[in-house]
Amino acid sequence: MITQIVYYSISETEMNNVSISEILEPSRINNAKKGITGCLLYHNRVFLQLLEGEKETITDLYKIIQKDVRHSNVTLIIEESIDKRMYPGWSMAFHEFKNNSSNLDKFAQSIDFFSKNIPKKSEAIDLFWRMAKQIVN
Ligand SMILES: Cc1cc2nc3c(=O)[nH]c(=O)nc-3n(C[C@H](O)[C@H](O)[C@H](O)COP(=O)(O)O)c2cc1C
């Protein structure tokens, strides 16, 4: 079984390309080593992240992430067990959506497409994209 979690948080400062890549680059290396996949979105100081992997690995990473001083108010929205991971190709997909949800839809479609067209979405994924739309609007 694979555990999926979704959380949101508030960044301490307005992120730019440099501060984002300081999170993303080590994350992608760590996640690839630990068999963690997922997706991170950023908009207007809000982070929304979906993580999937072995339960213990995800719990451990979430504890580390919660302590990260670059953000606060880290809030778990959902934790779910699923048969197999949904974003196997993404050690951490990233999208910063600037001001409208149309590019978000495109991004969602392309990550689904490259994930071999997810046949049946989990509640966590559904919630993740619904939250993303809320945040952007
Ligand atoms: C919004 C946000 C998302 C993060 N996502 C991940 C992640 O997916 N994987 C990861 O290893 N670290 C992630 N981090 C970074 C961790 O909090 C921590 O800095 C990092 O795992 C420490 O790695 P190190 O022990 O290799 O230095 C994230 C941090 C923030 C603020």
# chains A, B, ... in the order shown; residues from 1 in each chain; ligands from 1

call {"tool": "residues_around", "arguments": {"residues": "region 32-35 of chain A", "least_positions_apart": "3", "cutoff": "8 Å", "atoms": "only C-alpha atoms", "output": "VMD selection string"}}
result
chain A and resid 28 to 29 53 to 54 57 91

call {"tool": "residues_near_ligand", "arguments": {"ligand": "ligand 1", "cutoff": "8 Å", "atoms": "only C-alpha atoms and all ligand atoms", "output": "ChimeraX atom specification"}}
result
/A:9,11,23-24,26-31,36-38,40,47-49,51,61,64-71,91-92

call {"tool": "atom_distance", "arguments": {"atom1": "CA of Lys84 (chain A)", "atom2": "CA of Glu56 (chain A)"}}
result
15.5 Å

call {"tool": "residues_around", "arguments": {"residues": "Glu79 (chain A)", "least_positions_apart": "5", "cutoff": "9 Å", "atoms": "only C-alpha atoms", "output": "MDAnalysis selection string"}}
result
chainID A and resid 3:6 124

call {"tool": "closest_residue", "arguments": {"among": "A:Asp60, A:Glu22, A:Phe107, A:Leu76", "to": "Tyr8 (chain A)", "atoms": "only C-alpha atoms"}}
result
A:Leu76

call {"tool": "select_by_dssp", "arguments": {"residues": "chain A", "states": "strand (DSSP E)", "output": "MDAnalysis selection string"}}
result
chainID A and resid 2:11 37:43 46:53 71:82 93:96

call {"tool": "closest_residue", "arguments": {"among": "A:Ile2, A:Val46, A:Ile82, A:Leu127", "to": "Glu14 (chain A)", "atoms": "only C-alpha atoms"}}
result
A:Val46

call {"tool": "select_by_dssp", "arguments": {"residues": "chain A", "states": "helix (DSSP H, G or I)", "output": "PyMOL selection string"}}
result
chain A and resi 17-34+55-67+102-114+123-136

call {"tool": "closest_residue", "arguments": {"among": "A:Thr13, A:Val136, A:Ile125, A:Lys120", "to": "Ala108 (chain A)", "atoms": "only C-alpha atoms"}}
result
A:Ile125

call {"tool": "closest_residue", "arguments": {"among": "A:Val18, A:Ile111, A:Leu41, A:Leu104", "to": "Lys133 (chain A)", "atoms": "only C-alpha atoms"}}
result
A:Leu104
